[in-house]
file entry.cif (mmCIF, C-alpha atoms)
data_run
loop_
_atom_site.group_PDB
_atom_site.id
_atom_site.type_symbol
_atom_site.label_atom_id
_atom_site.label_comp_id
_atom_site.auth_asym_id
_atom_site.auth_seq_id
_atom_site.Cartn_x
_atom_site.Cartn_y
_atom_site.Cartn_z
ATOM 1 C CA MET E 1102 44.734 -62.088 50.236
ATOM 2 C CA GLU E 1103 43.769 -64.135 47.202
ATOM 3 C CA SER E 1104 40.263 -63.847 45.843
ATOM 4 C CA THR E 1105 38.541 -67.150 46.582
ATOM 5 C CA PRO E 1106 35.624 -68.397 44.439
ATOM 6 C CA THR E 1107 33.251 -67.735 47.343
ATOM 7 C CA LEU E 1108 34.345 -64.131 47.565
ATOM 8 C CA ILE E 1109 34.007 -63.674 43.813
ATOM 9 C CA THR E 1110 30.458 -65.031 43.966
ATOM 10 C CA VAL E 1111 29.597 -62.697 46.832
ATOM 11 C CA ALA E 1112 31.130 -59.783 44.926
ATOM 12 C CA TRP E 1113 28.980 -60.591 41.894
ATOM 13 C CA LEU E 1114 25.917 -60.741 44.137
ATOM 14 C CA ALA E 1115 26.811 -57.333 45.559
ATOM 15 C CA GLY E 1116 27.274 -56.084 42.010
ATOM 16 C CA ALA E 1117 23.784 -57.277 41.113
ATOM 17 C CA ILE E 1118 22.257 -55.441 44.087
ATOM 18 C CA LEU E 1119 24.274 -52.354 43.194
ATOM 19 C CA SER E 1120 23.041 -52.528 39.597
ATOM 20 C CA LEU E 1121 19.433 -52.481 40.800
ATOM 21 C CA GLY E 1122 20.232 -49.337 42.768
ATOM 22 C CA MET E 1123 21.856 -47.791 39.714
ATOM 23 C CA ILE E 1124 18.786 -48.530 37.605
ATOM 24 C CA LEU E 1125 16.511 -46.868 40.175
ATOM 25 C CA THR E 1126 18.825 -43.861 40.373
ATOM 26 C CA PHE E 1127 18.822 -43.610 36.606
ATOM 27 C CA ILE E 1128 15.024 -43.503 36.623
ATOM 28 C CA ARG E 1129 15.224 -40.443 38.877
ATOM 29 C CA LEU E 1130 17.933 -38.973 36.650
ATOM 30 C CA VAL E 1131 15.660 -39.180 33.618
ATOM 31 C CA ALA E 1132 12.358 -38.301 35.310
ATOM 32 C CA GLY E 1133 13.457 -35.700 37.874
ATOM 33 C CA PRO E 1134 11.139 -32.712 37.644
ATOM 34 C CA THR E 1135 13.782 -30.096 38.418
ATOM 35 C CA LEU E 1136 17.457 -29.756 37.604
ATOM 36 C CA ALA E 1137 18.383 -30.167 41.261
ATOM 37 C CA ASP E 1138 16.797 -33.634 41.293
ATOM 38 C CA ARG E 1139 18.949 -34.617 38.375
ATOM 39 C CA VAL E 1140 22.088 -33.299 40.036
ATOM 40 C CA VAL E 1141 21.307 -35.293 43.191
ATOM 41 C CA ALA E 1142 20.766 -38.421 41.087
ATOM 42 C CA MET E 1143 24.008 -37.786 39.203
ATOM 43 C CA ASP E 1144 25.887 -37.452 42.485
ATOM 44 C CA ALA E 1145 24.450 -40.710 43.784
ATOM 45 C CA LEU E 1146 25.196 -42.413 40.477
ATOM 46 C CA ALA E 1147 28.844 -41.340 40.635
ATOM 47 C CA THR E 1148 29.077 -42.723 44.164
ATOM 48 C CA MET E 1149 27.703 -45.996 42.844
ATOM 49 C CA VAL E 1150 30.289 -45.974 40.061
ATOM 50 C CA ILE E 1151 32.938 -45.765 42.781
ATOM 51 C CA GLY E 1152 31.302 -48.825 44.327
ATOM 52 C CA VAL E 1153 31.443 -50.672 40.998
ATOM 53 C CA LEU E 1154 35.148 -49.840 40.696
ATOM 54 C CA VAL E 1155 35.813 -51.216 44.179
ATOM 55 C CA LEU E 1156 33.919 -54.411 43.355
ATOM 56 C CA THR E 1157 35.876 -54.800 40.116
ATOM 57 C CA SER E 1158 39.156 -54.297 41.940
ATOM 58 C CA ILE E 1159 38.231 -57.067 44.386
ATOM 59 C CA VAL E 1160 37.109 -59.487 41.673
ATOM 60 C CA THR E 1161 40.155 -58.978 39.471
ATOM 61 C CA GLY E 1162 42.683 -58.239 42.222
ATOM 62 C CA THR E 1163 43.666 -54.900 40.672
ATOM 63 C CA ALA E 1164 44.409 -52.394 43.403
ATOM 64 C CA LEU E 1165 45.072 -49.666 40.839
ATOM 65 C CA LEU E 1166 41.356 -49.092 40.296
ATOM 66 C CA LEU E 1167 41.094 -47.453 43.713
ATOM 67 C CA ASP E 1168 43.118 -44.508 42.351
ATOM 68 C CA ILE E 1169 40.406 -43.970 39.765
ATOM 69 C CA ALA E 1170 37.787 -44.159 42.513
ATOM 70 C CA LEU E 1171 39.531 -41.352 44.399
ATOM 71 C CA ALA E 1172 39.775 -39.269 41.217
ATOM 72 C CA ILE E 1173 36.052 -39.712 40.512
ATOM 73 C CA ALA E 1174 35.216 -38.677 44.069
ATOM 74 C CA LEU E 1175 37.256 -35.476 43.628
ATOM 75 C CA VAL E 1176 35.781 -34.549 40.257
ATOM 76 C CA VAL E 1177 32.159 -35.226 41.180
ATOM 77 C CA PHE E 1178 32.358 -32.996 44.235
ATOM 78 C CA LEU E 1179 33.500 -30.090 42.064
ATOM 79 C CA GLY E 1180 30.760 -30.815 39.544
ATOM 80 C CA THR E 1181 28.051 -30.824 42.183
ATOM 81 C CA ILE E 1182 29.304 -27.546 43.643
ATOM 82 C CA ALA E 1183 29.329 -25.977 40.191
ATOM 83 C CA MET E 1184 25.806 -27.153 39.451
ATOM 84 C CA ALA E 1185 24.578 -25.844 42.827
ATOM 85 C CA THR E 1186 26.001 -22.418 41.993
ATOM 86 C CA THR E 1187 24.395 -22.541 38.559
ATOM 87 C CA ILE E 1188 21.002 -23.452 40.008
ATOM 88 C CA GLU E 1189 21.196 -20.692 42.594
ATOM 89 C CA ARG E 1190 21.993 -18.108 39.934
ATOM 90 C CA GLY E 1191 18.958 -19.276 37.999
ATOM 91 C CA VAL E 1192 20.528 -19.963 34.653
ATOM 92 C CA PHE E 1193 18.503 -23.129 34.108
ATOM 93 C CA LYS E 1194 15.221 -24.272 35.525
ATOM 94 C CA MET A 377 38.015 -63.058 56.871
ATOM 95 C CA THR A 378 36.249 -63.933 53.633
ATOM 96 C CA TRP A 379 32.898 -63.632 55.334
ATOM 97 C CA VAL A 380 33.739 -60.262 56.878
ATOM 98 C CA ILE A 381 34.707 -58.931 53.454
ATOM 99 C CA GLY A 382 31.661 -60.499 51.826
ATOM 100 C CA GLY A 383 29.376 -59.088 54.502
ATOM 101 C CA CYS A 384 30.816 -55.609 54.015
ATOM 102 C CA LEU A 385 30.327 -55.934 50.250
ATOM 103 C CA VAL A 386 26.717 -57.081 50.461
ATOM 104 C CA ILE A 387 25.682 -54.579 53.142
ATOM 105 C CA GLY A 388 27.368 -51.728 51.263
ATOM 106 C CA ALA A 389 25.707 -52.696 48.003
ATOM 107 C CA PHE A 390 22.368 -52.989 49.769
ATOM 108 C CA LEU A 391 22.759 -49.489 51.215
ATOM 109 C CA MET A 392 23.377 -48.194 47.708
ATOM 110 C CA PHE A 393 20.270 -50.021 46.529
ATOM 111 C CA LEU A 394 18.399 -48.212 49.308
ATOM 112 C CA THR A 395 19.805 -44.969 47.896
ATOM 113 C CA GLY A 396 18.215 -45.689 44.541
ATOM 114 C CA LEU A 397 14.966 -46.762 46.169
ATOM 115 C CA GLY A 398 14.851 -43.584 48.248
ATOM 116 C CA LEU A 399 15.559 -41.458 45.186
ATOM 117 C CA VAL A 400 12.628 -42.990 43.368
ATOM 118 C CA ARG A 401 10.134 -43.208 46.215
ATOM 119 C CA MET A 402 10.678 -40.061 48.280
ATOM 120 C CA PRO A 403 8.267 -37.190 47.621
ATOM 121 C CA ASP A 404 10.353 -34.014 47.324
ATOM 122 C CA ILE A 405 13.921 -33.064 46.583
ATOM 123 C CA PHE A 406 15.001 -32.296 50.136
ATOM 124 C CA ILE A 407 13.821 -35.668 51.440
ATOM 125 C CA ARG A 408 15.382 -37.336 48.417
ATOM 126 C CA MET A 409 18.678 -35.656 49.208
ATOM 127 C CA HIS A 410 18.428 -37.020 52.743
ATOM 128 C CA ALA A 411 18.100 -40.529 51.313
ATOM 129 C CA ALA A 412 20.777 -40.136 48.684
ATOM 130 C CA THR A 413 23.592 -38.528 50.631
ATOM 131 C CA LYS A 414 23.710 -40.527 53.821
ATOM 132 C CA SER A 415 23.140 -44.058 52.621
ATOM 133 C CA ALA A 416 25.388 -43.624 49.586
ATOM 134 C CA SER A 417 28.226 -42.321 51.776
ATOM 135 C CA LEU A 418 27.921 -45.211 54.218
ATOM 136 C CA GLY A 419 27.591 -47.750 51.408
ATOM 137 C CA VAL A 420 30.714 -46.641 49.587
ATOM 138 C CA ALA A 421 32.568 -46.479 52.915
ATOM 139 C CA LEU A 422 31.679 -50.119 53.583
ATOM 140 C CA LEU A 423 32.787 -51.150 50.093
ATOM 141 C CA LEU A 424 36.115 -49.341 50.478
ATOM 142 C CA LEU A 425 36.559 -50.924 53.904
ATOM 143 C CA ALA A 426 36.048 -54.319 52.277
ATOM 144 C CA ALA A 427 38.702 -53.461 49.687
ATOM 145 C CA ALA A 428 41.120 -52.401 52.445
ATOM 146 C CA LEU A 429 40.507 -55.672 54.313
ATOM 147 C CA PHE A 430 40.907 -57.640 51.099
ATOM 148 C CA PHE A 431 44.229 -56.274 49.884
ATOM 149 C CA GLN A 432 45.866 -55.555 53.268
ATOM 150 C CA GLU A 433 48.656 -53.465 51.801
ATOM 151 C CA ALA A 434 49.729 -50.114 53.159
ATOM 152 C CA MET A 435 49.056 -48.221 49.932
ATOM 153 C CA VAL A 436 45.597 -49.652 49.419
ATOM 154 C CA VAL A 437 44.557 -49.077 53.020
ATOM 155 C CA THR A 438 45.795 -45.478 52.835
ATOM 156 C CA LYS A 439 43.929 -44.858 49.603
ATOM 157 C CA ALA A 440 40.752 -46.386 50.974
ATOM 158 C CA VAL A 441 40.912 -44.325 54.168
ATOM 159 C CA VAL A 442 41.628 -41.131 52.228
ATOM 160 C CA THR A 443 38.703 -41.797 49.880
ATOM 161 C CA ILE A 444 36.355 -42.527 52.795
ATOM 162 C CA ALA A 445 37.439 -39.350 54.590
ATOM 163 C CA PHE A 446 37.038 -37.291 51.433
ATOM 164 C CA ILE A 447 33.558 -38.615 50.712
ATOM 165 C CA PHE A 448 32.441 -38.109 54.311
ATOM 166 C CA LEU A 449 33.734 -34.535 54.203
ATOM 167 C CA THR A 450 32.387 -33.514 50.813
ATOM 168 C CA ALA A 451 29.009 -35.262 50.540
ATOM 169 C CA PRO A 452 27.339 -33.158 53.290
ATOM 170 C CA VAL A 453 28.839 -29.961 51.870
ATOM 171 C CA ALA A 454 27.599 -30.712 48.374
ATOM 172 C CA ALA A 455 24.143 -31.697 49.623
ATOM 173 C CA SER A 456 23.910 -28.581 51.780
ATOM 174 C CA LEU A 457 24.831 -26.261 48.913
ATOM 175 C CA LEU A 458 22.473 -28.024 46.536
ATOM 176 C CA GLY A 459 19.578 -27.966 48.968
ATOM 177 C CA ARG A 460 20.216 -24.307 49.647
ATOM 178 C CA ALA A 461 20.215 -23.540 45.929
ATOM 179 C CA ALA A 462 17.021 -25.525 45.376
ATOM 180 C CA TYR A 463 15.336 -23.764 48.280
ATOM 181 C CA ALA A 464 16.475 -20.353 47.085
ATOM 182 C CA ARG A 465 14.968 -21.142 43.678
ATOM 183 C CA ARG A 466 11.673 -21.970 45.372
ATOM 184 C CA THR A 467 11.510 -25.675 44.666
ATOM 185 C CA PRO A 468 8.163 -26.746 46.129
ATOM 186 C CA LEU A 469 8.153 -28.694 49.381
ATOM 187 C CA TRP A 470 6.122 -31.840 49.900
ATOM 188 C CA GLU A 471 2.508 -30.924 50.601
ATOM 189 C CA HIS A 472 2.540 -32.836 53.905
ATOM 190 C CA SER A 473 5.654 -31.074 55.229
ATOM 191 C CA VAL A 474 5.106 -29.813 58.768
ATOM 192 C CA MET A 475 8.109 -27.514 59.075
ATOM 193 C CA ASP A 476 9.845 -24.946 56.878
ATOM 194 C CA GLU A 477 12.915 -23.822 58.777
ATOM 195 C CA GLY A 478 14.583 -22.253 55.768
ATOM 196 C CA ARG A 479 11.942 -19.541 55.600
ATOM 197 C CA ASP A 480 13.765 -17.272 58.043
ATOM 198 C CA HIS A 481 17.315 -18.126 56.973
ATOM 199 C CA ILE A 482 17.533 -18.585 53.210
ATOM 200 C CA ALA A 483 16.787 -15.666 50.941
ATOM 201 C CA ILE A 484 14.520 -16.478 48.013
ATOM 202 C CA ARG A 485 16.211 -15.458 44.793
ATOM 203 C CA THR A 486 14.037 -14.637 41.846
ATOM 204 C CA GLU A 487 15.804 -11.776 40.127
ATOM 205 C CA ALA A 488 17.402 -13.565 37.178
ATOM 206 C CA ARG A 489 14.265 -15.461 36.271
ATOM 207 C CA PRO A 490 11.209 -13.365 35.392
ATOM 208 C CA ASP A 491 8.945 -16.389 34.974
ATOM 209 C CA GLN A 492 9.921 -17.659 38.414
ATOM 210 C CA VAL A 493 8.044 -14.858 40.158
ATOM 211 C CA GLU A 494 4.695 -16.279 39.151
ATOM 212 C CA ARG A 495 5.633 -19.685 40.501
ATOM 213 C CA THR A 496 6.541 -18.102 43.850
ATOM 214 C CA SER A 497 3.113 -16.566 44.249
ATOM 215 C CA GLN A 498 1.493 -19.887 43.393
ATOM 216 C CA ASP A 499 3.600 -21.926 45.768
ATOM 217 C CA THR A 500 3.114 -19.875 48.914
#

call {"tool": "encode", "arguments": {"input": "entry.cif", "output": "structure tokens"}}
result
Amino acid sequence: MESTPTLITVAWLAGAILSLGMILTFIRLVAGPTLADRVVAMDALATMVIGVLVLTSIVTGTALLLDIALAIALVVFLGTIAMATTIERGVFK
Amino acid sequence: MTWVIGGCLVIGAFLMFLTGLGLVRMPDIFIRMHAATKSASLGVALLLLAAALFFQEAMVVTKAVVTIAFIFLTAPVAASLLGRAAYARRTPLWEHSVMDEGRDHIAIRTEARPDQVERTSQDT
């Protein structure tokens, strides 16, 4: 399916809403009182980056970006697991 | 079809906005995790569904389904481990919490952090 101008406009609107969510998540990433808060915010932020990649792939018609989305999903899961282990061992506050 | 794809995009993006709002507004880390994990998973699933409907090729649909399945499998596991770690390190609950079910099931770990012991006595 070709990307019509209407769909591109809707995708930009979705991108604007998504950017607001990313800004709010970034506030929690900076201000989170504990390390676990920051890890949760980082996880949510990575999920939103996957969303941005999907929106970009729809706007530009590049299906290849979905590979990168899958790779980010894989890497972020490992990172969150590693940070959970680190928090439980009490290396950082 | 354009409107189905556009609706999926806008609803998915709005769910992710709700993720950010919940992360900022919710009072403690366990409630924040509840907001972050579920709505972010559903939001990215809707966006990937929109991509699958948009391209309508076998490879793209497979990749989208695999990514959705992976996120739905791993997001609860990651949130569970992280919440367990935060609870074991005695992260304080919200002061209006009515239930503390982890008290009988999750061991509090304080051994590697000498300064954490004082916090434990203050919190409980």

call {"tool": "interface_residues", "arguments": {"input": "entry.cif", "of": "chain A", "to": "chain E", "cutoff": "7 Å", "atoms": "only C-alpha atoms", "output": "short mmCIF file (atom, residue, chain, number, x, y, z; two decimals) with C-alpha atoms, in the coordinates of the input"}}
result
data_model
loop_
_atom_site.label_atom_id
_atom_site.label_comp_id
_atom_site.auth_asym_id
_atom_site.auth_seq_id
_atom_site.Cartn_x
_atom_site.Cartn_y
_atom_site.Cartn_z
CA THR A 378 36.25 -63.93 53.63
CA GLY A 382 31.66 -60.50 51.83
CA LEU A 385 30.33 -55.93 50.25
CA VAL A 386 26.72 -57.08 50.46
CA ALA A 389 25.71 -52.70 48.00
CA PHE A 390 22.37 -52.99 49.77
CA MET A 392 23.38 -48.19 47.71
CA PHE A 393 20.27 -50.02 46.53
CA LEU A 394 18.40 -48.21 49.31
CA THR A 395 19.80 -44.97 47.90
CA GLY A 396 18.22 -45.69 44.54
CA LEU A 397 14.97 -46.76 46.17
CA LEU A 399 15.56 -41.46 45.19
CA VAL A 400 12.63 -42.99 43.37
CA ILE A 405 13.92 -33.06 46.58
CA MET A 409 18.68 -35.66 49.21
CA ALA A 412 20.78 -40.14 48.68
CA ALA A 416 25.39 -43.62 49.59
CA VAL A 420 30.71 -46.64 49.59
CA LEU A 423 32.79 -51.15 50.09
CA LEU A 424 36.12 -49.34 50.48
CA ALA A 427 38.70 -53.46 49.69
CA PHE A 430 40.91 -57.64 51.10
CA PHE A 431 44.23 -56.27 49.88
CA VAL A 436 45.60 -49.65 49.42
CA THR A 443 38.70 -41.80 49.88
CA ILE A 447 33.56 -38.62 50.71
CA THR A 450 32.39 -33.51 50.81
CA ALA A 454 27.60 -30.71 48.37
CA LEU A 457 24.83 -26.26 48.91
CA LEU A 458 22.47 -28.02 46.54
CA ALA A 461 20.22 -23.54 45.93
CA ALA A 462 17.02 -25.52 45.38
CA ALA A 464 16.48 -20.35 47.08
CA ARG A 465 14.97 -21.14 43.68
CA ALA A 488 17.40 -13.56 37.18
CA ARG A 489 14.26 -15.46 36.27
#

call {"tool": "residues_near_point", "arguments": {"input": "entry.cif", "point": "(3.5, -33.7, 49.4)", "cutoff": "12 Å", "atoms": "only C-alpha atoms", "output": "list in words"}}
result
Met402, Pro403, Asp404, Ile405, Phe406, Ile407, Pro468, Leu469, Trp470, Glu471, His472, Ser473 and Val474 of chain A

call {"tool": "atom_distance", "arguments": {"input": "entry.cif", "atom1": "atom CA of Val453 of chain A", "atom2": "atom CA of Gly398 of chain A"}}
result
19.9 Å

call {"tool": "atom_distance", "arguments": {"input": "entry.cif", "atom1": "atom CA of Ala428 of chain A", "atom2": "atom CA of Ala411 of chain A"}}
result
25.9 Å

call {"tool": "atom_distance", "arguments": {"input": "entry.cif", "atom1": "atom CA of Gly419 of chain A", "atom2": "atom CA of Ile1169 of chain E"}}
result
17.7 Å

call {"tool": "closest_residue", "arguments": {"input": "entry.cif", "among": "A:Arg479, A:Met377, A:Ile387, A:Ser417", "to": "Phe446 of chain A", "atoms": "all atoms listed in the file"}}
result
A:Ser417

call {"tool": "closest_residue", "arguments": {"input": "entry.cif", "among": "A:Ala455, A:Leu425, A:Met475, A:Leu391", "to": "Lys439 of chain A", "atoms": "all atoms listed in the file"}}
result
A:Leu425

call {"tool": "axis_aligned_box", "arguments": {"input": "entry.cif", "around": "segment 424-440 of chain A", "padding_each_side": "8 Å", "output": "AutoDock Vina command-line options"}}
result
--center_x 42.9 --center_y -51.2 --center_z 51.9 --size_x 29.7 --size_y 28.8 --size_z 20.9
